[in-house]
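Structure data follow from work.cif (mmCIF, C-alpha atoms and all ligand atoms):
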data_upload
#
loop_
_atom_site.group_PDB
_atom_site.id
_atom_site.type_symbol
_atom_site.label_atom_id
_atom_site.label_comp_id
_atom_site.auth_asym_id
_atom_site.auth_seq_id
_atom_site.Cartn_x
_atom_site.Cartn_y
_atom_site.Cartn_z
ATOM 1 C CA MET A 1 -36.904 54.858 38.573
ATOM 2 C CA ILE A 2 -36.119 58.547 38.165
ATOM 3 C CA LYS A 3 -39.364 60.497 37.969
ATOM 4 C CA ASN A 4 -38.461 64.120 38.113
ATOM 5 C CA PRO A 5 -34.730 64.704 37.560
ATOM 6 C CA ILE A 6 -33.353 67.904 38.994
ATOM 7 C CA LEU A 7 -30.082 67.162 37.195
ATOM 8 C CA LYS A 8 -29.590 65.352 33.930
ATOM 9 C CA ILE A 9 -26.326 64.780 32.103
ATOM 10 C CA GLU A 10 -26.525 63.410 28.574
ATOM 11 C CA ASP A 11 -23.595 62.033 26.607
ATOM 12 C CA ALA A 12 -21.191 64.484 28.172
ATOM 13 C CA SER A 13 -17.445 64.293 27.811
ATOM 14 C CA ILE A 14 -15.333 66.089 30.340
ATOM 15 C CA PHE A 15 -11.952 67.482 29.401
ATOM 16 C CA HIS A 16 -9.114 69.292 31.043
ATOM 17 C CA HIS A 17 -7.478 71.193 28.206
ATOM 18 C CA PHE A 18 -7.166 68.444 25.577
ATOM 19 C CA LYS A 19 -7.152 65.504 27.949
ATOM 20 C CA THR A 20 -10.380 63.549 28.245
ATOM 21 C CA ILE A 21 -11.206 62.784 31.863
ATOM 22 C CA LEU A 22 -14.655 61.209 31.491
ATOM 23 C CA ASN A 23 -16.442 59.952 28.388
ATOM 24 C CA ASN A 24 -20.115 59.572 27.524
ATOM 25 C CA VAL A 25 -21.368 60.563 30.938
ATOM 26 C CA ASN A 26 -25.069 59.864 31.407
ATOM 27 C CA LEU A 27 -26.421 60.622 34.822
ATOM 28 C CA GLU A 28 -29.714 61.536 36.403
ATOM 29 C CA LEU A 29 -30.280 62.853 39.897
ATOM 30 C CA ASP A 30 -33.897 62.735 40.988
ATOM 31 C CA THR A 31 -35.550 65.536 42.926
ATOM 32 C CA GLY A 32 -34.894 64.809 46.588
ATOM 33 C CA GLU A 33 -32.373 62.068 45.825
ATOM 34 C CA PHE A 34 -28.972 61.577 47.493
ATOM 35 C CA ILE A 35 -26.213 59.862 45.530
ATOM 36 C CA TYR A 36 -22.600 59.030 46.253
ATOM 37 C CA VAL A 37 -19.846 59.203 43.661
ATOM 38 C CA ILE A 38 -16.835 57.025 44.350
ATOM 39 C CA GLY A 39 -13.684 56.141 42.439
ATOM 40 C CA LYS A 40 -9.933 56.121 42.782
ATOM 41 C CA THR A 41 -7.974 59.307 43.177
ATOM 42 C CA GLY A 42 -7.658 60.993 39.793
ATOM 43 C CA SER A 43 -10.661 59.134 38.340
ATOM 44 C CA GLY A 44 -12.579 62.358 37.683
ATOM 45 C CA LYS A 45 -14.985 62.813 40.598
ATOM 46 C CA SER A 46 -14.116 66.440 41.283
ATOM 47 C CA SER A 47 -14.033 67.183 37.559
ATOM 48 C CA LEU A 48 -17.559 65.790 37.232
ATOM 49 C CA LEU A 49 -18.832 68.019 40.041
ATOM 50 C CA ARG A 50 -17.011 71.057 38.719
ATOM 51 C CA THR A 51 -18.630 70.522 35.336
ATOM 52 C CA ILE A 52 -22.101 70.519 36.883
ATOM 53 C CA TYR A 53 -21.215 73.776 38.564
ATOM 54 C CA CYS A 54 -19.968 75.150 35.207
ATOM 55 C CA ASP A 55 -16.502 75.623 36.613
ATOM 56 C CA ILE A 56 -15.179 73.431 33.800
ATOM 57 C CA PRO A 57 -16.772 74.221 30.431
ATOM 58 C CA LEU A 58 -18.654 71.412 28.740
ATOM 59 C CA LYS A 59 -17.390 70.754 25.229
ATOM 60 C CA MET A 60 -19.604 67.804 24.335
ATOM 61 C CA GLY A 61 -23.024 66.677 25.534
ATOM 62 C CA LYS A 62 -25.711 68.296 27.573
ATOM 63 C CA ILE A 63 -26.374 69.227 31.183
ATOM 64 C CA ILE A 64 -29.844 70.145 32.406
ATOM 65 C CA VAL A 65 -30.373 71.603 35.864
ATOM 66 C CA ASP A 66 -33.918 72.221 37.052
ATOM 67 C CA ASN A 67 -35.221 71.936 33.477
ATOM 68 C CA GLN A 68 -32.715 74.484 32.193
ATOM 69 C CA ASP A 69 -30.129 73.470 29.630
ATOM 70 C CA ILE A 70 -26.887 74.878 31.016
ATOM 71 C CA SER A 71 -24.543 73.353 28.442
ATOM 72 C CA ASN A 72 -23.782 76.735 26.888
ATOM 73 C CA ILE A 73 -24.657 79.000 29.772
ATOM 74 C CA SER A 74 -23.473 82.594 29.493
ATOM 75 C CA LYS A 75 -21.394 84.356 32.134
ATOM 76 C CA LYS A 76 -24.351 86.624 32.804
ATOM 77 C CA GLU A 77 -26.634 83.707 33.668
ATOM 78 C CA LEU A 78 -24.096 81.945 35.851
ATOM 79 C CA PRO A 79 -24.968 83.671 39.167
ATOM 80 C CA TYR A 80 -28.609 82.582 38.780
ATOM 81 C CA LEU A 81 -27.570 78.987 38.203
ATOM 82 C CA ARG A 82 -25.233 79.097 41.163
ATOM 83 C CA ARG A 83 -28.042 80.134 43.472
ATOM 84 C CA LYS A 84 -29.676 76.829 42.644
ATOM 85 C CA ILE A 85 -26.535 74.867 43.438
ATOM 86 C CA GLY A 86 -24.918 74.790 46.866
ATOM 87 C CA ILE A 87 -21.244 73.878 46.853
ATOM 88 C CA ILE A 88 -19.221 72.134 49.513
ATOM 89 C CA PHE A 89 -15.620 71.894 48.393
ATOM 90 C CA GLN A 90 -12.964 69.386 49.302
ATOM 91 C CA ASP A 91 -10.972 71.992 51.204
ATOM 92 C CA PHE A 92 -13.036 74.387 53.218
ATOM 93 C CA GLN A 93 -12.407 77.636 51.337
ATOM 94 C CA LEU A 94 -13.662 79.875 54.097
ATOM 95 C CA PHE A 95 -12.488 83.465 54.317
ATOM 96 C CA GLN A 96 -9.859 83.409 57.037
ATOM 97 C CA ASP A 97 -10.212 87.108 57.809
ATOM 98 C CA ARG A 98 -13.973 86.892 58.410
ATOM 99 C CA ASN A 99 -15.764 85.334 61.348
ATOM 100 C CA ALA A 100 -18.498 82.689 60.972
ATOM 101 C CA TYR A 101 -21.255 85.291 60.756
ATOM 102 C CA GLU A 102 -19.352 87.344 58.188
ATOM 103 C CA ASN A 103 -18.458 84.289 56.105
ATOM 104 C CA ILE A 104 -22.152 83.601 55.590
ATOM 105 C CA LYS A 105 -23.025 87.274 55.137
ATOM 106 C CA PHE A 106 -20.446 87.653 52.393
ATOM 107 C CA ILE A 107 -22.171 84.959 50.321
ATOM 108 C CA MET A 108 -25.518 86.630 50.902
ATOM 109 C CA THR A 109 -24.468 90.101 49.801
ATOM 110 C CA SER A 110 -22.740 88.665 46.747
ATOM 111 C CA THR A 111 -25.902 86.780 45.746
ATOM 112 C CA GLY A 112 -28.269 89.704 45.969
ATOM 113 C CA TRP A 113 -29.352 89.914 49.623
ATOM 114 C CA ASN A 114 -29.478 93.502 50.908
ATOM 115 C CA ASP A 115 -31.851 93.722 53.885
ATOM 116 C CA ASN A 116 -29.655 93.645 56.999
ATOM 117 C CA LYS A 117 -32.408 92.487 59.337
ATOM 118 C CA LYS A 118 -33.402 89.621 57.036
ATOM 119 C CA MET A 119 -29.770 88.639 56.638
ATOM 120 C CA ASP A 120 -29.278 88.645 60.416
ATOM 121 C CA GLU A 121 -32.287 86.406 60.939
ATOM 122 C CA LYS A 122 -31.242 84.017 58.212
ATOM 123 C CA ILE A 123 -27.631 83.804 59.400
ATOM 124 C CA PHE A 124 -28.660 82.864 62.941
ATOM 125 C CA GLU A 125 -31.205 80.368 61.616
ATOM 126 C CA LEU A 126 -28.450 78.734 59.547
ATOM 127 C CA LEU A 127 -25.907 78.734 62.366
ATOM 128 C CA GLU A 128 -28.450 77.099 64.619
ATOM 129 C CA LYS A 129 -29.308 74.513 62.004
ATOM 130 C CA VAL A 130 -25.692 73.367 61.785
ATOM 131 C CA GLY A 131 -25.084 73.615 65.540
ATOM 132 C CA LEU A 132 -22.841 76.696 65.495
ATOM 133 C CA GLU A 133 -25.131 79.167 67.223
ATOM 134 C CA ASP A 134 -22.453 79.924 69.838
ATOM 135 C CA LYS A 135 -19.677 80.397 67.310
ATOM 136 C CA SER A 136 -20.909 83.294 65.198
ATOM 137 C CA LYS A 137 -17.960 85.486 66.195
ATOM 138 C CA ASN A 138 -15.310 82.793 65.764
ATOM 139 C CA TYR A 139 -12.861 83.054 62.894
ATOM 140 C CA PRO A 140 -12.183 79.863 60.900
ATOM 141 C CA PHE A 141 -8.890 79.324 62.748
ATOM 142 C CA GLU A 142 -10.887 79.335 65.991
ATOM 143 C CA LEU A 143 -13.100 76.491 64.728
ATOM 144 C CA SER A 144 -12.312 72.767 64.609
ATOM 145 C CA GLY A 145 -12.235 70.963 61.261
ATOM 146 C CA GLY A 146 -15.749 69.612 61.810
ATOM 147 C CA GLU A 147 -17.027 73.047 62.810
ATOM 148 C CA GLN A 148 -15.448 74.630 59.745
ATOM 149 C CA GLN A 149 -17.180 72.055 57.591
ATOM 150 C CA ARG A 150 -20.493 72.866 59.326
ATOM 151 C CA LEU A 151 -19.952 76.499 58.469
ATOM 152 C CA VAL A 152 -19.299 75.593 54.850
ATOM 153 C CA ILE A 153 -22.555 73.618 54.850
ATOM 154 C CA ALA A 154 -24.458 76.553 56.377
ATOM 155 C CA ARG A 155 -23.030 78.774 53.673
ATOM 156 C CA SER A 156 -23.994 76.330 50.934
ATOM 157 C CA ILE A 157 -27.687 76.395 51.897
ATOM 158 C CA VAL A 158 -28.051 80.181 52.149
ATOM 159 C CA ASN A 159 -30.180 80.368 49.013
ATOM 160 C CA ASN A 160 -32.158 77.139 49.569
ATOM 161 C CA PRO A 161 -30.422 75.385 46.682
ATOM 162 C CA LYS A 162 -32.151 72.685 44.679
ATOM 163 C CA ILE A 163 -28.942 70.686 44.540
ATOM 164 C CA ILE A 164 -25.931 70.421 46.820
ATOM 165 C CA ILE A 165 -22.665 69.342 45.296
ATOM 166 C CA ALA A 166 -20.388 68.045 48.005
ATOM 167 C CA ASP A 167 -16.819 67.102 47.129
ATOM 168 C CA GLU A 168 -15.443 64.840 49.867
ATOM 169 C CA PRO A 169 -17.106 66.812 52.654
ATOM 170 C CA THR A 170 -15.920 64.288 55.219
ATOM 171 C CA GLY A 171 -12.450 63.888 53.724
ATOM 172 C CA ASN A 172 -10.248 65.418 56.380
ATOM 173 C CA LEU A 173 -12.313 64.626 59.459
ATOM 174 C CA ASP A 174 -12.115 61.946 62.128
ATOM 175 C CA PRO A 175 -14.662 59.128 61.712
ATOM 176 C CA LEU A 176 -17.116 60.326 64.355
ATOM 177 C CA ILE A 177 -17.175 63.897 63.049
ATOM 178 C CA ALA A 178 -17.372 62.611 59.469
ATOM 179 C CA GLU A 179 -20.501 60.681 60.369
ATOM 180 C CA LYS A 180 -22.032 63.758 62.007
ATOM 181 C CA ILE A 181 -21.389 65.811 58.879
ATOM 182 C CA LEU A 182 -22.981 63.158 56.695
ATOM 183 C CA LYS A 183 -25.988 63.075 59.032
ATOM 184 C CA LEU A 184 -26.349 66.826 58.685
ATOM 185 C CA LEU A 185 -26.318 66.469 54.903
ATOM 186 C CA LEU A 186 -28.896 63.665 55.116
ATOM 187 C CA GLU A 187 -31.096 65.941 57.205
ATOM 188 C CA ILE A 188 -30.812 68.716 54.624
ATOM 189 C CA ASN A 189 -31.604 66.132 51.947
ATOM 190 C CA LYS A 190 -34.755 65.094 53.828
ATOM 191 C CA SER A 191 -36.050 68.616 53.597
ATOM 192 C CA GLY A 192 -35.972 68.318 49.798
ATOM 193 C CA THR A 193 -32.525 69.318 48.540
ATOM 194 C CA SER A 194 -30.972 66.784 46.171
ATOM 195 C CA ILE A 195 -27.375 65.927 46.979
ATOM 196 C CA ILE A 196 -24.513 64.502 44.984
ATOM 197 C CA MET A 197 -21.495 63.718 47.130
ATOM 198 C CA THR A 198 -18.086 62.299 46.332
ATOM 199 C CA THR A 199 -16.393 60.233 48.983
ATOM 200 C CA HIS A 200 -13.746 57.624 49.730
ATOM 201 C CA ASN A 201 -15.517 56.679 52.958
ATOM 202 C CA TYR A 202 -16.848 53.153 52.348
ATOM 203 C CA ASN A 203 -17.891 52.691 55.977
ATOM 204 C CA LEU A 204 -20.343 55.555 55.770
ATOM 205 C CA ILE A 205 -21.640 54.480 52.362
ATOM 206 C CA GLN A 206 -22.408 51.072 53.775
ATOM 207 C CA LYS A 207 -24.065 52.449 56.861
ATOM 208 C CA TYR A 208 -26.179 55.080 55.072
ATOM 209 C CA LYS A 209 -27.086 53.296 51.858
ATOM 210 C CA LYS A 210 -27.906 55.326 48.763
ATOM 211 C CA ARG A 211 -27.403 54.931 45.036
ATOM 212 C CA VAL A 212 -23.687 54.807 44.194
ATOM 213 C CA LEU A 213 -21.933 55.875 40.998
ATOM 214 C CA LYS A 214 -18.323 55.056 40.269
ATOM 215 C CA CYS A 215 -15.807 56.927 38.118
ATOM 216 C CA GLU A 216 -13.580 54.306 36.526
ATOM 217 C CA ASP A 217 -11.614 53.988 33.283
ATOM 218 C CA GLY A 218 -12.987 57.287 32.027
ATOM 219 C CA LEU A 219 -16.619 56.278 32.589
ATOM 220 C CA VAL A 220 -19.299 56.890 35.200
ATOM 221 C CA LYS A 221 -21.082 53.651 36.077
ATOM 222 C CA GLU A 222 -23.794 52.554 38.475
ATOM 223 C CA THR A 223 -22.310 50.286 41.077
ATOM 224 C CA SER A 224 -23.183 48.451 44.235
ATOM 225 C CA ILE A 225 -20.725 48.076 47.075
HETATM 226 N N1 LIG A 301 -7.016 71.902 36.216
HETATM 227 C C1 LIG A 301 -6.636 70.768 35.670
HETATM 228 N N2 LIG A 301 -5.948 70.743 34.495
HETATM 229 C C2 LIG A 301 -5.564 69.586 33.918
HETATM 230 N N3 LIG A 301 -5.833 68.377 34.417
HETATM 231 C C3 LIG A 301 -6.505 68.320 35.584
HETATM 232 C C4 LIG A 301 -6.941 69.501 36.272
HETATM 233 N N4 LIG A 301 -7.597 69.124 37.390
HETATM 234 C C5 LIG A 301 -7.557 67.782 37.405
HETATM 235 N N5 LIG A 301 -6.917 67.300 36.331
HETATM 236 C C6 LIG A 301 -6.712 65.858 35.999
HETATM 237 O O1 LIG A 301 -7.980 65.274 35.832
HETATM 238 C C7 LIG A 301 -8.005 63.952 36.363
HETATM 239 C C8 LIG A 301 -9.160 63.826 37.315
HETATM 240 O O2 LIG A 301 -8.947 64.669 38.443
HETATM 241 P P1 LIG A 301 -10.044 64.858 39.560
HETATM 242 O O3 LIG A 301 -9.549 65.926 40.462
HETATM 243 O O4 LIG A 301 -11.347 65.040 38.917
HETATM 244 O O5 LIG A 301 -9.986 63.429 40.299
HETATM 245 P P2 LIG A 301 -10.732 62.925 41.619
HETATM 246 O O6 LIG A 301 -11.446 61.670 41.263
HETATM 247 O O7 LIG A 301 -11.530 64.028 42.201
HETATM 248 O O8 LIG A 301 -9.520 62.561 42.581
HETATM 249 P P3 LIG A 301 -9.411 62.660 44.196
HETATM 250 O O9 LIG A 301 -10.089 61.441 44.751
HETATM 251 O O10 LIG A 301 -7.925 62.633 44.425
HETATM 252 O O11 LIG A 301 -10.028 63.950 44.624
HETATM 253 C C9 LIG A 301 -6.629 63.727 36.981
HETATM 254 O O12 LIG A 301 -5.868 62.970 36.080
HETATM 255 C C10 LIG A 301 -6.067 65.122 37.131
HETATM 256 O O13 LIG A 301 -4.685 65.101 37.002
HETATM 257 MG MG MG A 302 -11.425 65.087 43.957
#
Here is the file; what I need is its structure written in the form of structure tokens.
Amino acid sequence: MIKNPILKIEDASIFHHFKTILNNVNLELDTGEFIYVIGKTGSGKSSLLRTIYCDIPLKMGKIIVDNQDISNISKKELPYLRRKIGIIFQDFQLFQDRNAYENIKFIMTSTGWNDNKKMDEKIFELLEKVGLEDKSKNYPFELSGGEQQRLVIARSIVNNPKIIIADEPTGNLDPLIAEKILKLLLEINKSGTSIIMTTHNYNLIQKYKKRVLKCEDGLVKETSI
């Protein structure tokens, strides 16, 4: 039973232009919960996550994040919402011309941090948390795929988000590294951040069991695998 939802979607329909991708989406993510979203390629998983992040406008229904109705959120309010939501994209989207330290710092300065000493402390705390303390000066091309994903995770938790939205965070990684990344996310989840993660990795879902939702035939359904 969901007691204290950090995210609630009510009767939402998700469109790209005039094409309906998902219909009548009803979803609740409890505070501290971790859920997987599965479904075939093209079934709407990324679109669902992008809608929560207000990257795709919602035309029908309602989305509530941390008790705030964000269905018609204004551009001005968007940065505040996005501090509550950490994003881990399917492709890494790191700045190639910035090293690991600078990649994190960029997110900080663009979300209101301005004290250099505090930023320094926080950046090294984050790098340590994800096991990259020795790589602060490395550029993305000097990091392995798994390390790049760790950096993306470090970046996503800069502002202690209430929710992390992870779109296939283990997608392009070898099985051992994929498992390590999932374990890192589970650790972050244990410290209170709710996580919604899309994946095609059935082995990991079976090993680390959580509630599973499936995008299928334009609907989001509870499923067991
Ligand atoms: N920007 C866009 N404009 C129009 N249609 C889009 C756009 N992005 C995605 N779509 C369509 O929306 C549908 C759902 O795409 P989405 O990326 O959400 O699928 P997915 O479940 O994440 O797939 P995958 O497992 O391959 O990542 C697809 O039919 C896709 O072609
Ligand atoms: Mg996708």
Q | Residues in the PyMOL selection byres (((not hetatm)) within 7 of (chain A and resi 301)), expressed as a PyMOL selection string | A | chain A and resi 16-17+21+39-48
Q. For the file shown, what are the residues hit by the PyMOL selection byres (((chain A and resi 218) around 6) and not hetatm), laid out as a list in words?
A. Ile21, Leu22, Asn23, Glu216, Asp217 and Leu219 of chain A
Q | Counting all atoms listed in the file, the residue of A:Arg98, A:Lys19, A:Lys129, A:Arg82 that sits nearest Ser110 of chain A | A | A:Arg82
The PyMOL selection byres (((chain A and resi 185) around 10) and not hetatm) on the file shown: which residues, as a PDB file with C-alpha atoms, in the coordinates of the input?
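Saved as part.pdb:
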ATOM      1  CA  PHE A  34     -28.972  61.577  47.493  1.00  0.00           C
ATOM      2  CA  VAL A 130     -25.692  73.367  61.785  1.00  0.00           C
ATOM      3  CA  ARG A 150     -20.493  72.866  59.326  1.00  0.00           C
ATOM      4  CA  ILE A 153     -22.555  73.618  54.850  1.00  0.00           C
ATOM      5  CA  ILE A 164     -25.931  70.421  46.820  1.00  0.00           C
ATOM      6  CA  ALA A 166     -20.388  68.045  48.005  1.00  0.00           C
ATOM      7  CA  PRO A 169     -17.106  66.812  52.654  1.00  0.00           C
ATOM      8  CA  GLU A 179     -20.501  60.681  60.369  1.00  0.00           C
ATOM      9  CA  LYS A 180     -22.032  63.758  62.007  1.00  0.00           C
ATOM     10  CA  ILE A 181     -21.389  65.811  58.879  1.00  0.00           C
ATOM     11  CA  LEU A 182     -22.981  63.158  56.695  1.00  0.00           C
ATOM     12  CA  LYS A 183     -25.988  63.075  59.032  1.00  0.00           C
ATOM     13  CA  LEU A 184     -26.349  66.826  58.685  1.00  0.00           C
ATOM     14  CA  LEU A 186     -28.896  63.665  55.116  1.00  0.00           C
ATOM     15  CA  GLU A 187     -31.096  65.941  57.205  1.00  0.00           C
ATOM     16  CA  ILE A 188     -30.812  68.716  54.624  1.00  0.00           C
ATOM     17  CA  ASN A 189     -31.604  66.132  51.947  1.00  0.00           C
ATOM     18  CA  LYS A 190     -34.755  65.094  53.828  1.00  0.00           C
ATOM     19  CA  THR A 193     -32.525  69.318  48.540  1.00  0.00           C
ATOM     20  CA  SER A 194     -30.972  66.784  46.171  1.00  0.00           C
ATOM     21  CA  ILE A 195     -27.375  65.927  46.979  1.00  0.00           C
ATOM     22  CA  MET A 197     -21.495  63.718  47.130  1.00  0.00           C
TER      23      MET A 197
END
Q: Determine the nearest neighbour of ligand MG 302 (chain A) from the options A:Glu77, A:Asp167, A:Glu121, A:Asp30, counting all atoms listed in the file.
A: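 Of A:Glu77, A:Asp167, A:Glu121, A:Asp30, the one nearest ligand MG 302 (chain A), counting all atoms listed in the file, is A:Asp167.
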Q: Have a look at A:His200, A:Lys210, A:Lys162, A:Lys221 and name the one nearest to ligand MG 302 (chain A); count all atoms listed in the file.
A: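 Closest candidate: A:His200.
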Will you model N, CA and C atoms for segment 149-169 of chain A and pass it back as a PDB file, keeping the file's coordinate frame?
ATOM      1  N   GLN A 149     -16.376  72.687  58.631  1.00  0.00           N
ATOM      2  CA  GLN A 149     -17.180  72.055  57.591  1.00  0.00           C
ATOM      3  C   GLN A 149     -18.666  72.373  57.790  1.00  0.00           C
ATOM      4  N   ARG A 150     -19.104  72.469  59.046  1.00  0.00           N
ATOM      5  CA  ARG A 150     -20.493  72.866  59.326  1.00  0.00           C
ATOM      6  C   ARG A 150     -20.781  74.267  58.792  1.00  0.00           C
ATOM      7  N   LEU A 151     -19.787  75.136  58.961  1.00  0.00           N
ATOM      8  CA  LEU A 151     -19.952  76.499  58.469  1.00  0.00           C
ATOM      9  C   LEU A 151     -20.055  76.511  56.940  1.00  0.00           C
ATOM     10  N   VAL A 152     -19.242  75.693  56.317  1.00  0.00           N
ATOM     11  CA  VAL A 152     -19.299  75.593  54.850  1.00  0.00           C
ATOM     12  C   VAL A 152     -20.687  75.093  54.422  1.00  0.00           C
ATOM     13  N   ILE A 153     -21.224  74.146  55.176  1.00  0.00           N
ATOM     14  CA  ILE A 153     -22.555  73.618  54.850  1.00  0.00           C
ATOM     15  C   ILE A 153     -23.612  74.717  55.038  1.00  0.00           C
ATOM     16  N   ALA A 154     -23.512  75.456  56.137  1.00  0.00           N
ATOM     17  CA  ALA A 154     -24.458  76.553  56.377  1.00  0.00           C
ATOM     18  C   ALA A 154     -24.409  77.528  55.205  1.00  0.00           C
ATOM     19  N   ARG A 155     -23.210  77.835  54.777  1.00  0.00           N
ATOM     20  CA  ARG A 155     -23.030  78.774  53.673  1.00  0.00           C
ATOM     21  C   ARG A 155     -23.634  78.234  52.374  1.00  0.00           C
ATOM     22  N   SER A 156     -23.518  76.914  52.195  1.00  0.00           N
ATOM     23  CA  SER A 156     -23.994  76.330  50.934  1.00  0.00           C
ATOM     24  C   SER A 156     -25.518  76.332  50.828  1.00  0.00           C
ATOM     25  N   ILE A 157     -26.219  76.460  51.974  1.00  0.00           N
ATOM     26  CA  ILE A 157     -27.687  76.395  51.897  1.00  0.00           C
ATOM     27  C   ILE A 157     -28.353  77.769  52.065  1.00  0.00           C
ATOM     28  N   VAL A 158     -27.532  78.810  52.009  1.00  0.00           N
ATOM     29  CA  VAL A 158     -28.051  80.181  52.149  1.00  0.00           C
ATOM     30  C   VAL A 158     -29.243  80.447  51.233  1.00  0.00           C
ATOM     31  N   ASN A 159     -29.129  80.036  49.988  1.00  0.00           N
ATOM     32  CA  ASN A 159     -30.180  80.368  49.013  1.00  0.00           C
ATOM     33  C   ASN A 159     -31.104  79.185  48.729  1.00  0.00           C
ATOM     34  N   ASN A 160     -31.305  78.321  49.726  1.00  0.00           N
ATOM     35  CA  ASN A 160     -32.158  77.139  49.569  1.00  0.00           C
ATOM     36  C   ASN A 160     -31.926  76.447  48.228  1.00  0.00           C
ATOM     37  N   PRO A 161     -30.721  75.951  48.002  1.00  0.00           N
ATOM     38  CA  PRO A 161     -30.422  75.385  46.682  1.00  0.00           C
ATOM     39  C   PRO A 161     -31.254  74.149  46.379  1.00  0.00           C
ATOM     40  N   LYS A 162     -31.438  73.898  45.099  1.00  0.00           N
ATOM     41  CA  LYS A 162     -32.151  72.685  44.679  1.00  0.00           C
ATOM     42  C   LYS A 162     -31.215  71.483  44.767  1.00  0.00           C
ATOM     43  N   ILE A 163     -29.941  71.764  44.525  1.00  0.00           N
ATOM     44  CA  ILE A 163     -28.942  70.686  44.540  1.00  0.00           C
ATOM     45  C   ILE A 163     -27.762  71.115  45.412  1.00  0.00           C
ATOM     46  N   ILE A 164     -27.217  70.175  46.161  1.00  0.00           N
ATOM     47  CA  ILE A 164     -25.931  70.421  46.820  1.00  0.00           C
ATOM     48  C   ILE A 164     -24.905  69.495  46.195  1.00  0.00           C
ATOM     49  N   ILE A 165     -23.781  70.089  45.836  1.00  0.00           N
ATOM     50  CA  ILE A 165     -22.665  69.342  45.296  1.00  0.00           C
ATOM     51  C   ILE A 165     -21.594  69.310  46.374  1.00  0.00           C
ATOM     52  N   ALA A 166     -21.320  68.135  46.883  1.00  0.00           N
ATOM     53  CA  ALA A 166     -20.388  68.045  48.005  1.00  0.00           C
ATOM     54  C   ALA A 166     -19.195  67.195  47.593  1.00  0.00           C
ATOM     55  N   ASP A 167     -18.018  67.810  47.558  1.00  0.00           N
ATOM     56  CA  ASP A 167     -16.819  67.102  47.129  1.00  0.00           C
ATOM     57  C   ASP A 167     -16.014  66.666  48.354  1.00  0.00           C
ATOM     58  N   GLU A 168     -16.115  65.409  48.685  1.00  0.00           N
ATOM     59  CA  GLU A 168     -15.443  64.840  49.867  1.00  0.00           C
ATOM     60  C   GLU A 168     -15.623  65.697  51.127  1.00  0.00           C
ATOM     61  N   PRO A 169     -16.879  65.935  51.500  1.00  0.00           N
ATOM     62  CA  PRO A 169     -17.106  66.812  52.654  1.00  0.00           C
ATOM     63  C   PRO A 169     -16.612  66.216  53.965  1.00  0.00           C
TER      64      PRO A 169
END
